[in-house]
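See below for the structure under consideration.
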Amino acid sequence: MIRKLSAELLGTAWLVLGGCGSAVLAAGFPDLGIAFVGVSLAFGLTVLTMAFAIGHISGCHLNPAVTLGLWSAGKVPSSDVLPYIVAQVAGATLGALVIAAIATGKADFNLVQSGFAANGFGEHSPGGYSLQAAMVCEVVLTFFFLMIILGATDERAPAGFAPIAIGLGLTLIHLISIPVTNTSVNPARSTSQAIFVGGWAMEQLWLFWVAPIAGAILAGIVHRWLSAKP
């Protein structure tokens with residue numbers, strides 16, 4: 001178990017460093033910025049690369065919603081759920097700490113005013129989307145993310161391609177939802193950034209736990225029904 005949890009910690013740190021790091025350090029860089037398309041790709045690449053690196057060790061969840069979705073599908077024992085979530089939040093916070101250490105090396109960088117890639121709705125949504133819109137977006141997209149994960153890792157799916165499908169799925173999710181919430185679908189990723197921003201980000205953090213987890217658990221239930229053998 002300690003190896004599994006260590007893998008989840010390191011993997012989630014990589015997800016935040018690669019995904020949120022690209023948003024904080026590279027997205028808005030004058031002339032050379034990668035914009036939200038690049039950030040979307042960065043998030044997908046973190047999952048794709050880490051799935052190959054640690055998938056055989058911990059399953060490469062990197063996300064409390066994924067762990068709970070797999071649990072609801074009967075793929076993860078109850079005893080693993082809380083330790084995995086703790087490791088994921090710790091790893092995400094470690095990744096955010098590294099980003100903060102790099103970003104604050106620029107003289108005019110203000111961590112709080114930058115938003116630090118935190119998730120939000122209303123006036124803190126990149127596109128000004130409401131709480132209701134953010135809730136629908138996060139529930140539905142996390143649902144489909146888990147459907148991709150569960151389908152791609154099923155024993156009846158083509159072997160060896162799951163990381164590609166999952167990474168591309170996360171890229172697509174970000175292409176859809178960065179303007180709405182800055183894209184969560186991952187409570188650990190949301191928590192790590194909110195800790196550093198504080199204030200509004202912590203006040204709105206509840207949504208980015210409730211909505212992804214609801215969508216993930218629903219996906220686990222639906223997948224179990226869809227994949228039941230006659």
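To be explicit about the labels: the chains of the structure tokens are called A, B, and onward in the order shown, and within each one the residues are counted from 1, while ligands get numbers from 1 in the order they are shown.
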
- Where does DSSP see alpha helix (DSSP H) in segment 48-207 of chain A, if you list the residues as an MDAnalysis selection string? chainID A and resid 48:58 64:72 78:103 111:114 131:152 162:181 187:197 199:203 207

Closest contacts (segment 167-225 of chain A/segment 7-23 of chain A, max 12 Å, only C-alpha atoms) as CSV:
residue,atom,partner,partner_atom,distance
A:Gly167,CA,A:Leu15,CA,11.1
A:Leu170,CA,A:Gly19,CA,10.8
A:Thr171,CA,A:Gly19,CA,10.3
A:His174,CA,A:Gly19,CA,10.2
A:Ile178,CA,A:Ala23,CA,10.5
A:Asn182,CA,A:Ala23,CA,9.6
A:Thr183,CA,A:Cys20,CA,10.3
A:Ser184,CA,A:Cys20,CA,10.5
A:Asn186,CA,A:Thr12,CA,10.2
A:Pro187,CA,A:Thr12,CA,11.2
A:Ala188,CA,A:Thr12,CA,8.1
A:Arg189,CA,A:Val16,CA,6.2
A:Ser190,CA,A:Val16,CA,9.4
A:Thr191,CA,A:Val16,CA,10.6
A:Ser192,CA,A:Val16,CA,8.2
A:Gln193,CA,A:Cys20,CA,8.3
A:Ala194,CA,A:Cys20,CA,11.8

Can those selected residues be exported to a file as a PDB file, in the first residue's frame so that it contains N, CA and C atoms?
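The file below, again12.pdb, is the result:
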ATOM      1  N   GLY A 167      -6.081  10.119 -21.548  1.00  0.00           N
ATOM      2  CA  GLY A 167      -5.406  11.403 -21.719  1.00  0.00           C
ATOM      3  C   GLY A 167      -6.111  12.298 -22.719  1.00  0.00           C
ATOM      4  N   LEU A 170      -9.349  13.646 -21.191  1.00  0.00           N
ATOM      5  CA  LEU A 170      -9.151  14.782 -20.292  1.00  0.00           C
ATOM      6  C   LEU A 170      -8.826  16.054 -21.077  1.00  0.00           C
ATOM      7  N   THR A 171      -8.096  15.906 -22.166  1.00  0.00           N
ATOM      8  CA  THR A 171      -7.833  17.066 -23.026  1.00  0.00           C
ATOM      9  C   THR A 171      -9.139  17.642 -23.554  1.00  0.00           C
ATOM     10  N   HIS A 174     -11.109  19.578 -20.960  1.00  0.00           N
ATOM     11  CA  HIS A 174     -10.581  20.926 -20.729  1.00  0.00           C
ATOM     12  C   HIS A 174     -10.920  21.877 -21.873  1.00  0.00           C
ATOM     13  N   ILE A 178     -12.761  24.836 -19.701  1.00  0.00           N
ATOM     14  CA  ILE A 178     -11.912  25.895 -19.140  1.00  0.00           C
ATOM     15  C   ILE A 178     -12.654  27.230 -19.065  1.00  0.00           C
ATOM     16  N   ASN A 182     -12.676  26.853 -15.304  1.00  0.00           N
ATOM     17  CA  ASN A 182     -11.232  26.613 -15.328  1.00  0.00           C
ATOM     18  C   ASN A 182     -10.938  25.120 -15.266  1.00  0.00           C
ATOM     19  N   THR A 183     -11.964  24.324 -15.353  1.00  0.00           N
ATOM     20  CA  THR A 183     -11.945  22.854 -15.353  1.00  0.00           C
ATOM     21  C   THR A 183     -11.380  22.262 -14.072  1.00  0.00           C
ATOM     22  N   SER A 184     -12.270  21.607 -13.349  1.00  0.00           N
ATOM     23  CA  SER A 184     -11.835  20.804 -12.214  1.00  0.00           C
ATOM     24  C   SER A 184     -11.878  19.336 -12.599  1.00  0.00           C
ATOM     25  N   ASN A 186     -11.709  17.223 -10.737  1.00  0.00           N
ATOM     26  CA  ASN A 186     -10.705  16.632  -9.857  1.00  0.00           C
ATOM     27  C   ASN A 186     -10.610  17.454  -8.568  1.00  0.00           C
ATOM     28  N   PRO A 187     -11.223  16.967  -7.486  1.00  0.00           N
ATOM     29  CA  PRO A 187     -11.198  17.729  -6.232  1.00  0.00           C
ATOM     30  C   PRO A 187      -9.802  17.998  -5.677  1.00  0.00           C
ATOM     31  N   ALA A 188      -8.863  17.097  -5.902  1.00  0.00           N
ATOM     32  CA  ALA A 188      -7.500  17.319  -5.396  1.00  0.00           C
ATOM     33  C   ALA A 188      -6.859  18.492  -6.114  1.00  0.00           C
ATOM     34  N   ARG A 189      -7.002  18.544  -7.430  1.00  0.00           N
ATOM     35  CA  ARG A 189      -6.460  19.646  -8.221  1.00  0.00           C
ATOM     36  C   ARG A 189      -7.078  20.977  -7.791  1.00  0.00           C
ATOM     37  N   SER A 190      -8.384  20.975  -7.510  1.00  0.00           N
ATOM     38  CA  SER A 190      -9.059  22.198  -7.080  1.00  0.00           C
ATOM     39  C   SER A 190      -8.587  22.638  -5.705  1.00  0.00           C
ATOM     40  N   THR A 191      -8.424  21.676  -4.813  1.00  0.00           N
ATOM     41  CA  THR A 191      -8.010  21.996  -3.445  1.00  0.00           C
ATOM     42  C   THR A 191      -6.615  22.593  -3.402  1.00  0.00           C
ATOM     43  N   SER A 192      -5.707  22.029  -4.169  1.00  0.00           N
ATOM     44  CA  SER A 192      -4.318  22.498  -4.119  1.00  0.00           C
ATOM     45  C   SER A 192      -4.203  23.960  -4.518  1.00  0.00           C
ATOM     46  N   GLN A 193      -4.955  24.365  -5.527  1.00  0.00           N
ATOM     47  CA  GLN A 193      -4.875  25.759  -5.969  1.00  0.00           C
ATOM     48  C   GLN A 193      -5.622  26.684  -5.013  1.00  0.00           C
ATOM     49  N   ALA A 194      -6.765  26.214  -4.494  1.00  0.00           N
ATOM     50  CA  ALA A 194      -7.551  27.043  -3.581  1.00  0.00           C
ATOM     51  C   ALA A 194      -6.796  27.340  -2.293  1.00  0.00           C
TER      52      ALA A 194
END

- Task: Compare A:Phe43, A:Phe161, A:Trp200, A:Tyr129 by their minimum atom-to-atom distance to Val185 of chain A, counting only C-alpha atoms, and give me the closest one.
- Result: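 Between A:Phe43, A:Phe161, A:Trp200, A:Tyr129, the residue approaching Val185 of chain A most closely is A:Phe43.
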
- Query: At what distance in Å, to one decimal, does atom CA of Ile195 of chain A lie from atom CA of Leu97 of chain A?
  - Reply: 10.0 Å

- Just give me the gap between atom CA of Val86 of chain A and atom CA of Ser6 of chain A in Å, one decimal is fine.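 Going from atom CA of Val86 of chain A over to atom CA of Ser6 of chain A, I get 10.9 Å.
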
- Which one is closest to Ala101 of chain A: A:Ala159, A:Leu131, A:Val180, A:Val24? Count only C-alpha atoms. A:Val24

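Of the listed residues (A:Val39, A:Ile85, A:Ala65, A:Val112), A:Ala65 comes nearest to Ala211 of chain A; the distances count only C-alpha atoms.
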